[in-house]
Amino acid sequence: MVTNVPVRARFCPSPTGPFHVGGARTALFNWLFARGNDGKFLLRNEDTDPVRSEERWLEGILEGMRWLGLDWDEDIVHQSRRRDAHLAASHRLLDSGHAYWCDCTPEAIAARRPADAQPGGYDGFCRDRGLGPADDRVVRFRVPDDGTTTVVDIVRDEATFENATIDDFVIVRRGASPMFVLANVVDDDFQQVTHVIRGEEHLSTTPKYLLLRHALGMGDDPVFAHLSLLVNEKRQKLSKRRDKVQLLQYREEGYLAEAMRNYLALLGWSPRDGEEITTVEKMIDQFRLEDVSRAPAFFDEQKLQHFNAHYIRELSPEAFAAAARPFVEPKVERFDAELFAEVAPLAQTRVKLLSEVPDLLGFLFTDDPPMEPASWDKAIVSNDWSRDLLSEAASEYASFPRWSADPLKDLTASLGERRGLKLGKTQAPIRVAVTGNTVGPPLFESLEALGRDVTVERLRRALERIGA
RNA sequence: GCCCCCAUGGUGUAGCGGUCAGCACGCGAGCCUUUCACGCUCGUAGGGAGAGUUCGAGUCUCUCUGGGGGUGCCA
């Protein structure tokens with residue numbers, strides 16, 4: 001166990017697909033741990049699978065990291081460029097008798113297996129055949145027949161495995177291509193990693209990691225912390241096939257990085273002071289690996305949304321307008337930056353996602369806002385007084401000298417009072433006539449922003465529609 | 001099959017042998033209110049089962065059950 005040396009944690013994604021929220025959480029926990037312990041946070045690109053790895057996926061991972069504000073130290077280590085070091089390690093293992101060459105094809109292994117046996121595993125066929133190197137042969141690690149290997153883990157205490165239950169695993173595939181565990185062990189040693197914080201799916205292969213390390217004579221083991229998996233509503237590990245797991249998709253849907261980061265931190269961890277919504281500084285300060293939960297956590301988008309709504313409300317009006325603009329501009333007919341800056345605050349407490357802003361404010365940026373039929377029926381058709389009210393509002397508004405929210409409110413209230421209506425009732429037909437919907441931002445502020453001419457025009461159009 | 005991990009309300013969690021089992025999301029009700037939100041108040045619902053240890057167990061031990069992960073020439 002490593003003691004009294006500076007913390008060096010690492011995140012090592014494999015570039016085989018879009019950046020996953022589970023990966024983002026693992027990265028975040030590593031980052032919080034490193035930042036809170038005056039340590040380094042390293043990044044390693046585990047591109048050892050030649051068929052699945054692609055450069056473009058790494059780009060997405062880095063973009064996601066930057067979005068979440070997870071900055072890393074030192075240069076990114078690319079495993080594909082460390083092949084010689086991995087191979088050198090395999091040669092040392094070969095030389096010391098800890099590994100051997102094997103020419104068994106998967107088909108041959110399967111053919112040797114008894115018909116009633118479960119698939120998988122290796123029978124040790126080549127263990128003592130003394131095969132030499134060849135390009136179509138693999139290198140296997142000779143796992144001890146007896147003894148146990150214990151993984152010391154901060155979140156799970158320890159897990160002990162019987163060596164006899166571990167098969168001789170491949171460390172170099174045919175074509176002299178190093179496998180994940182080997183590369184992982186060699187590079188963790190290379191980068192002087194002190195803390196291996198990763199997903200629980202790696203727990204079962206950790207004895208292999210340890211066996212390799214020990215056979216290579218690498219000295220003190222790193223400290224492990226296996227994080228519980230993120231699961232879907234069916235309690236299965238999140239999968240890119242059936243679940244919404246792409247980190248950047250959430251950004252596209254209008255989630256804020258602060259909300260995502262805060263929410264992710266709470267999956268399997270909770271701050272000691274109990275304040276769930278918290279600053280990144282406090283998270284760093286309070287984060288302890290020993291406080292991390294062992295149970296799998298459900299990724300609950302509803303709660304994420306709640307966090308997002310909170311962080312949206314916390315934005316300054318200017319910051320909110322700037323953040324929402326990209327979601328609005330492409331979706332409306334006539335975007336007007338000045339007008340948007342003015343009305344954006346009206347939407348700020350009314351959306352959970354930035355992508356909802358155009359639904360709320362769209363009527364301000366078009367000549368002819370769509371009329372929502374149910375709203376039309378409810379607020380206009382079902383009242384015998386609405387036509388009259390609209391007509392009166394149109395003419396009063398047309399000559400009203402003080403075109404701003406409060407006076408408009410008072411004027412409208414008085415129109416209602418003549419009919420014995422409260423403002424809540426009175427405003428409804430006007431709102432629907434002008435905005436097309438029964439729900440929306442505060443009406444009189446909206447009318448002020450929209451201007452007299454447009455407002456009156458829309459009221460008249462609604463009257464025509466009633467008449468028709 | 002074998003190995004390993006996990007188990008508090010619907011969800012995320014707090015709890016470290018004695019608590020009216022706390023908080024947050026969700027859900028419900030009310031208040032506020034120009035609609036809708038925001039905000040505020042109140043409410044809803046919980047320690048998988050069975051043994052054991054103990055004066056006392058969500059908390060410690062064991063068994064079972066359930067769930068998950070691994071078992072690849074993927075990572």
# chains A, B, ... in the order shown; residues from 1 in each chain; ligands from 1

$ residues_around --residues "G26 (chain B)" --least-positions-apart "6" --cutoff "12 Å" --atoms "only C-alpha atoms (C1' of nucleotides)" --output "count of residues only"
13

$ interface_residues --of "chain B" --to "chain A" --cutoff "9 Å" --atoms "only C-alpha atoms (C1' of nucleotides)" --output "list in words"
G1, C2, C3, C4, C5, C6, A7, U11, G12, U13, A14, C23, A24, C25, G26, U34, U35, C36, A37, C38, G67, G68, G69, G70, U71, G72, C73, C74 and A75 of chain B

$ write_last_selection --atoms "C-alpha atoms (C1' of nucleotides)" --output "PDB file, in the first residue's frame"
ATOM      1  C1'   G B   1     -22.015 -23.223 -13.964  1.00  0.00           C
ATOM      2  C1'   C B   2     -17.961 -20.696 -11.287  1.00  0.00           C
ATOM      3  C1'   C B   3     -16.004 -16.081  -8.923  1.00  0.00           C
ATOM      4  C1'   C B   4     -17.012 -11.345  -6.837  1.00  0.00           C
ATOM      5  C1'   C B   5     -20.071  -7.254  -5.260  1.00  0.00           C
ATOM      6  C1'   C B   6     -24.593  -5.170  -3.394  1.00  0.00           C
ATOM      7  C1'   A B   7     -29.457  -4.670  -0.321  1.00  0.00           C
ATOM      8  C1'   U B  11     -35.495   7.369  -6.570  1.00  0.00           C
ATOM      9  C1'   G B  12     -30.527   9.287  -4.439  1.00  0.00           C
ATOM     10  C1'   U B  13     -28.945   9.022   0.417  1.00  0.00           C
ATOM     11  C1'   A B  14     -27.960  10.112   6.291  1.00  0.00           C
ATOM     12  C1'   C B  23     -32.444  15.122   4.210  1.00  0.00           C
ATOM     13  C1'   A B  24     -33.254  15.666  -1.137  1.00  0.00           C
ATOM     14  C1'   C B  25     -36.054  14.331  -5.816  1.00  0.00           C
ATOM     15  C1'   G B  26     -40.888  12.659  -7.026  1.00  0.00           C
ATOM     16  C1'   U B  34     -51.975  38.266 -13.864  1.00  0.00           C
ATOM     17  C1'   U B  35     -51.637  32.192 -16.320  1.00  0.00           C
ATOM     18  C1'   C B  36     -47.616  28.981 -15.528  1.00  0.00           C
ATOM     19  C1'   A B  37     -43.598  28.743 -12.669  1.00  0.00           C
ATOM     20  C1'   C B  38     -40.552  30.273  -8.457  1.00  0.00           C
ATOM     21  C1'   G B  67     -30.457  -7.760  -7.842  1.00  0.00           C
ATOM     22  C1'   G B  68     -25.951  -6.686 -10.315  1.00  0.00           C
ATOM     23  C1'   G B  69     -20.937  -7.331 -12.271  1.00  0.00           C
ATOM     24  C1'   G B  70     -17.138 -10.556 -14.062  1.00  0.00           C
ATOM     25  C1'   U B  71     -15.964 -15.014 -16.301  1.00  0.00           C
ATOM     26  C1'   G B  72     -13.255 -12.301 -24.258  1.00  0.00           C
ATOM     27  C1'   C B  73      -7.176 -12.825 -28.629  1.00  0.00           C
ATOM     28  C1'   C B  74     -13.267  -5.921 -25.324  1.00  0.00           C
ATOM     29  C1'   A B  75     -12.146  -2.045 -21.995  1.00  0.00           C
TER      30        A B  75
END

$ residues_around --residues "G47 (chain B)" --least-positions-apart "2" --cutoff "9 Å" --atoms "only C-alpha atoms (C1' of nucleotides)" --output "PyMOL selection string"
chain B and resi 8+21+58

$ write_last_selection --atoms "N, CA and C atoms (P, O5', C5', C4', C3', O3' and C1' of nucleotides)" --output "short mmCIF file (atom, residue, chain, number, x, y, z; two decimals), in the first residue's frame"
data_model
loop_
_atom_site.label_atom_id
_atom_site.label_comp_id
_atom_site.auth_asym_id
_atom_site.auth_seq_id
_atom_site.Cartn_x
_atom_site.Cartn_y
_atom_site.Cartn_z
P U B 8 -31.07 -0.56 0.11
"O5'" U B 8 -32.05 0.08 1.19
"C5'" U B 8 -32.64 -0.78 2.17
"C4'" U B 8 -33.40 0.07 3.14
"C3'" U B 8 -34.18 1.20 2.52
"O3'" U B 8 -35.46 0.74 2.12
"C1'" U B 8 -32.94 2.02 4.34
P A B 21 -38.21 6.17 15.07
"O5'" A B 21 -38.05 7.08 13.77
"C5'" A B 21 -37.20 8.21 13.78
"C4'" A B 21 -36.10 8.03 12.76
"C3'" A B 21 -36.44 8.44 11.34
"O3'" A B 21 -36.35 9.83 11.19
"C1'" A B 21 -35.31 6.37 11.30
P G B 58 -33.69 -2.89 14.37
"O5'" G B 58 -32.91 -3.03 12.99
"C5'" G B 58 -33.54 -2.76 11.78
"C4'" G B 58 -32.54 -2.70 10.66
"C3'" G B 58 -31.08 -2.92 11.04
"O3'" G B 58 -30.74 -4.27 10.81
"C1'" G B 58 -31.31 -0.83 9.98
#

$ closest_residue --among "A:Glu392, A:Ile312, A:Val381, A:Glu318" --to "Leu353 (chain A)" --atoms "only C-alpha atoms"
A:Ile312

$ decode --residues "region 17-125 of chain A" --atoms "C-alpha atoms" --output "PDB file, in the first residue's frame"
ATOM      1  CA  GLY A  17     -17.872   5.376 -28.241  1.00  0.00           C
ATOM      2  CA  PRO A  18     -19.536   8.569 -27.071  1.00  0.00           C
ATOM      3  CA  PHE A  19     -18.572   9.786 -23.608  1.00  0.00           C
ATOM      4  CA  HIS A  20     -20.795   8.048 -21.130  1.00  0.00           C
ATOM      5  CA  VAL A  21     -22.313   9.584 -17.992  1.00  0.00           C
ATOM      6  CA  GLY A  22     -20.885   6.669 -16.011  1.00  0.00           C
ATOM      7  CA  GLY A  23     -17.438   7.504 -17.305  1.00  0.00           C
ATOM      8  CA  ALA A  24     -18.037  11.131 -16.474  1.00  0.00           C
ATOM      9  CA  ARG A  25     -18.876  10.210 -12.907  1.00  0.00           C
ATOM     10  CA  THR A  26     -15.736   8.108 -12.604  1.00  0.00           C
ATOM     11  CA  ALA A  27     -13.692  10.989 -13.973  1.00  0.00           C
ATOM     12  CA  LEU A  28     -15.387  13.396 -11.572  1.00  0.00           C
ATOM     13  CA  PHE A  29     -14.680  11.240  -8.520  1.00  0.00           C
ATOM     14  CA  ASN A  30     -11.045  10.885  -9.516  1.00  0.00           C
ATOM     15  CA  TRP A  31     -10.843  14.610 -10.071  1.00  0.00           C
ATOM     16  CA  LEU A  32     -12.525  15.507  -6.776  1.00  0.00           C
ATOM     17  CA  PHE A  33     -10.226  13.137  -4.961  1.00  0.00           C
ATOM     18  CA  ALA A  34      -7.072  14.459  -6.608  1.00  0.00           C
ATOM     19  CA  ARG A  35      -8.037  18.105  -6.208  1.00  0.00           C
ATOM     20  CA  GLY A  36      -9.004  17.600  -2.595  1.00  0.00           C
ATOM     21  CA  ASN A  37      -5.759  15.869  -1.738  1.00  0.00           C
ATOM     22  CA  ASP A  38      -3.341  18.210  -3.370  1.00  0.00           C
ATOM     23  CA  GLY A  39      -2.682  15.537  -5.943  1.00  0.00           C
ATOM     24  CA  LYS A  40      -2.463  15.120  -9.675  1.00  0.00           C
ATOM     25  CA  PHE A  41      -5.302  14.089 -11.923  1.00  0.00           C
ATOM     26  CA  LEU A  42      -3.976  12.220 -14.921  1.00  0.00           C
ATOM     27  CA  LEU A  43      -5.631  11.244 -18.139  1.00  0.00           C
ATOM     28  CA  ARG A  44      -4.820   8.170 -20.162  1.00  0.00           C
ATOM     29  CA  ASN A  45      -6.272   7.201 -23.481  1.00  0.00           C
ATOM     30  CA  GLU A  46      -6.732   3.437 -23.393  1.00  0.00           C
ATOM     31  CA  ASP A  47      -6.802   2.796 -27.083  1.00  0.00           C
ATOM     32  CA  THR A  48      -5.419  -0.712 -27.008  1.00  0.00           C
ATOM     33  CA  ASP A  49      -8.321  -2.264 -28.861  1.00  0.00           C
ATOM     34  CA  PRO A  50      -7.301  -1.767 -32.468  1.00  0.00           C
ATOM     35  CA  VAL A  51     -10.695  -2.573 -33.884  1.00  0.00           C
ATOM     36  CA  ARG A  52     -12.893  -0.473 -31.622  1.00  0.00           C
ATOM     37  CA  SER A  53     -10.728   2.536 -30.828  1.00  0.00           C
ATOM     38  CA  GLU A  54     -11.157   5.686 -32.868  1.00  0.00           C
ATOM     39  CA  GLU A  55      -9.554   9.090 -32.508  1.00  0.00           C
ATOM     40  CA  ARG A  56     -12.856  10.934 -32.851  1.00  0.00           C
ATOM     41  CA  TRP A  57     -14.236   9.337 -29.699  1.00  0.00           C
ATOM     42  CA  LEU A  58     -11.353  10.727 -27.702  1.00  0.00           C
ATOM     43  CA  GLU A  59     -12.301  14.197 -28.904  1.00  0.00           C
ATOM     44  CA  GLY A  60     -15.773  13.764 -27.475  1.00  0.00           C
ATOM     45  CA  ILE A  61     -14.381  12.590 -24.166  1.00  0.00           C
ATOM     46  CA  LEU A  62     -12.093  15.589 -23.888  1.00  0.00           C
ATOM     47  CA  GLU A  63     -14.913  17.909 -24.810  1.00  0.00           C
ATOM     48  CA  GLY A  64     -17.090  16.402 -22.127  1.00  0.00           C
ATOM     49  CA  MET A  65     -14.319  16.755 -19.567  1.00  0.00           C
ATOM     50  CA  ARG A  66     -13.844  20.403 -20.444  1.00  0.00           C
ATOM     51  CA  TRP A  67     -17.570  21.011 -20.324  1.00  0.00           C
ATOM     52  CA  LEU A  68     -17.697  19.657 -16.783  1.00  0.00           C
ATOM     53  CA  GLY A  69     -14.621  21.624 -15.830  1.00  0.00           C
ATOM     54  CA  LEU A  70     -12.489  18.566 -15.131  1.00  0.00           C
ATOM     55  CA  ASP A  71      -9.028  19.776 -15.937  1.00  0.00           C
ATOM     56  CA  TRP A  72      -6.188  17.303 -15.982  1.00  0.00           C
ATOM     57  CA  ASP A  73      -2.506  17.512 -15.221  1.00  0.00           C
ATOM     58  CA  GLU A  74       0.435  16.496 -17.364  1.00  0.00           C
ATOM     59  CA  ASP A  75       0.229  15.197 -20.911  1.00  0.00           C
ATOM     60  CA  ILE A  76      -2.333  12.630 -21.918  1.00  0.00           C
ATOM     61  CA  VAL A  77      -0.727   9.208 -22.201  1.00  0.00           C
ATOM     62  CA  HIS A  78      -1.825   7.304 -25.262  1.00  0.00           C
ATOM     63  CA  GLN A  79      -1.507   3.603 -24.713  1.00  0.00           C
ATOM     64  CA  SER A  80      -1.156   2.818 -28.368  1.00  0.00           C
ATOM     65  CA  ARG A  81       2.132   4.724 -28.269  1.00  0.00           C
ATOM     66  CA  ARG A  82       3.374   2.713 -25.320  1.00  0.00           C
ATOM     67  CA  ARG A  83       3.212  -0.628 -27.050  1.00  0.00           C
ATOM     68  CA  ASP A  84       6.933  -1.269 -26.747  1.00  0.00           C
ATOM     69  CA  ALA A  85       6.816  -0.850 -22.988  1.00  0.00           C
ATOM     70  CA  HIS A  86       3.877  -3.228 -22.742  1.00  0.00           C
ATOM     71  CA  LEU A  87       5.631  -5.778 -24.889  1.00  0.00           C
ATOM     72  CA  ALA A  88       8.816  -5.415 -22.893  1.00  0.00           C
ATOM     73  CA  ALA A  89       6.828  -6.262 -19.782  1.00  0.00           C
ATOM     74  CA  SER A  90       5.406  -9.340 -21.444  1.00  0.00           C
ATOM     75  CA  HIS A  91       8.929 -10.434 -22.364  1.00  0.00           C
ATOM     76  CA  ARG A  92      10.009 -10.073 -18.792  1.00  0.00           C
ATOM     77  CA  LEU A  93       7.111 -12.236 -17.728  1.00  0.00           C
ATOM     78  CA  LEU A  94       7.985 -14.769 -20.397  1.00  0.00           C
ATOM     79  CA  ASP A  95      11.596 -14.815 -19.279  1.00  0.00           C
ATOM     80  CA  SER A  96      10.724 -15.243 -15.650  1.00  0.00           C
ATOM     81  CA  GLY A  97       8.311 -18.057 -16.409  1.00  0.00           C
ATOM     82  CA  HIS A  98       5.224 -16.058 -15.382  1.00  0.00           C
ATOM     83  CA  ALA A  99       3.873 -16.192 -18.900  1.00  0.00           C
ATOM     84  CA  TYR A 100       3.924 -18.539 -21.861  1.00  0.00           C
ATOM     85  CA  TRP A 101       3.132 -18.669 -25.537  1.00  0.00           C
ATOM     86  CA  CYS A 102      -0.121 -20.250 -26.603  1.00  0.00           C
ATOM     87  CA  ASP A 103      -1.389 -21.202 -30.036  1.00  0.00           C
ATOM     88  CA  CYS A 104      -4.889 -22.300 -29.054  1.00  0.00           C
ATOM     89  CA  THR A 105      -7.567 -20.679 -31.142  1.00  0.00           C
ATOM     90  CA  PRO A 106     -10.872 -19.904 -29.442  1.00  0.00           C
ATOM     91  CA  GLU A 107     -12.393 -22.641 -31.589  1.00  0.00           C
ATOM     92  CA  ALA A 108      -9.827 -25.179 -30.415  1.00  0.00           C
ATOM     93  CA  ILE A 109     -10.474 -24.272 -26.785  1.00  0.00           C
ATOM     94  CA  ALA A 110     -14.200 -24.580 -27.281  1.00  0.00           C
ATOM     95  CA  ALA A 111     -13.791 -27.939 -29.019  1.00  0.00           C
ATOM     96  CA  ARG A 112     -11.841 -29.328 -26.073  1.00  0.00           C
ATOM     97  CA  ARG A 113     -14.490 -28.263 -23.613  1.00  0.00           C
ATOM     98  CA  PRO A 114     -16.887 -30.982 -22.402  1.00  0.00           C
ATOM     99  CA  ALA A 115     -20.315 -30.685 -23.940  1.00  0.00           C
ATOM    100  CA  ASP A 116     -21.981 -30.029 -20.593  1.00  0.00           C
ATOM    101  CA  ALA A 117     -19.533 -27.315 -19.508  1.00  0.00           C
ATOM    102  CA  GLN A 118     -20.276 -23.639 -19.523  1.00  0.00           C
ATOM    103  CA  PRO A 119     -18.589 -21.561 -22.195  1.00  0.00           C
ATOM    104  CA  GLY A 120     -15.555 -19.479 -21.347  1.00  0.00           C
ATOM    105  CA  GLY A 121     -12.289 -20.098 -19.590  1.00  0.00           C
ATOM    106  CA  TYR A 122      -9.001 -21.590 -20.620  1.00  0.00           C
ATOM    107  CA  ASP A 123      -7.873 -25.118 -19.825  1.00  0.00           C
ATOM    108  CA  GLY A 124      -4.149 -24.447 -19.637  1.00  0.00           C
ATOM    109  CA  PHE A 125      -3.430 -26.569 -22.677  1.00  0.00           C
TER     110      PHE A 125
END
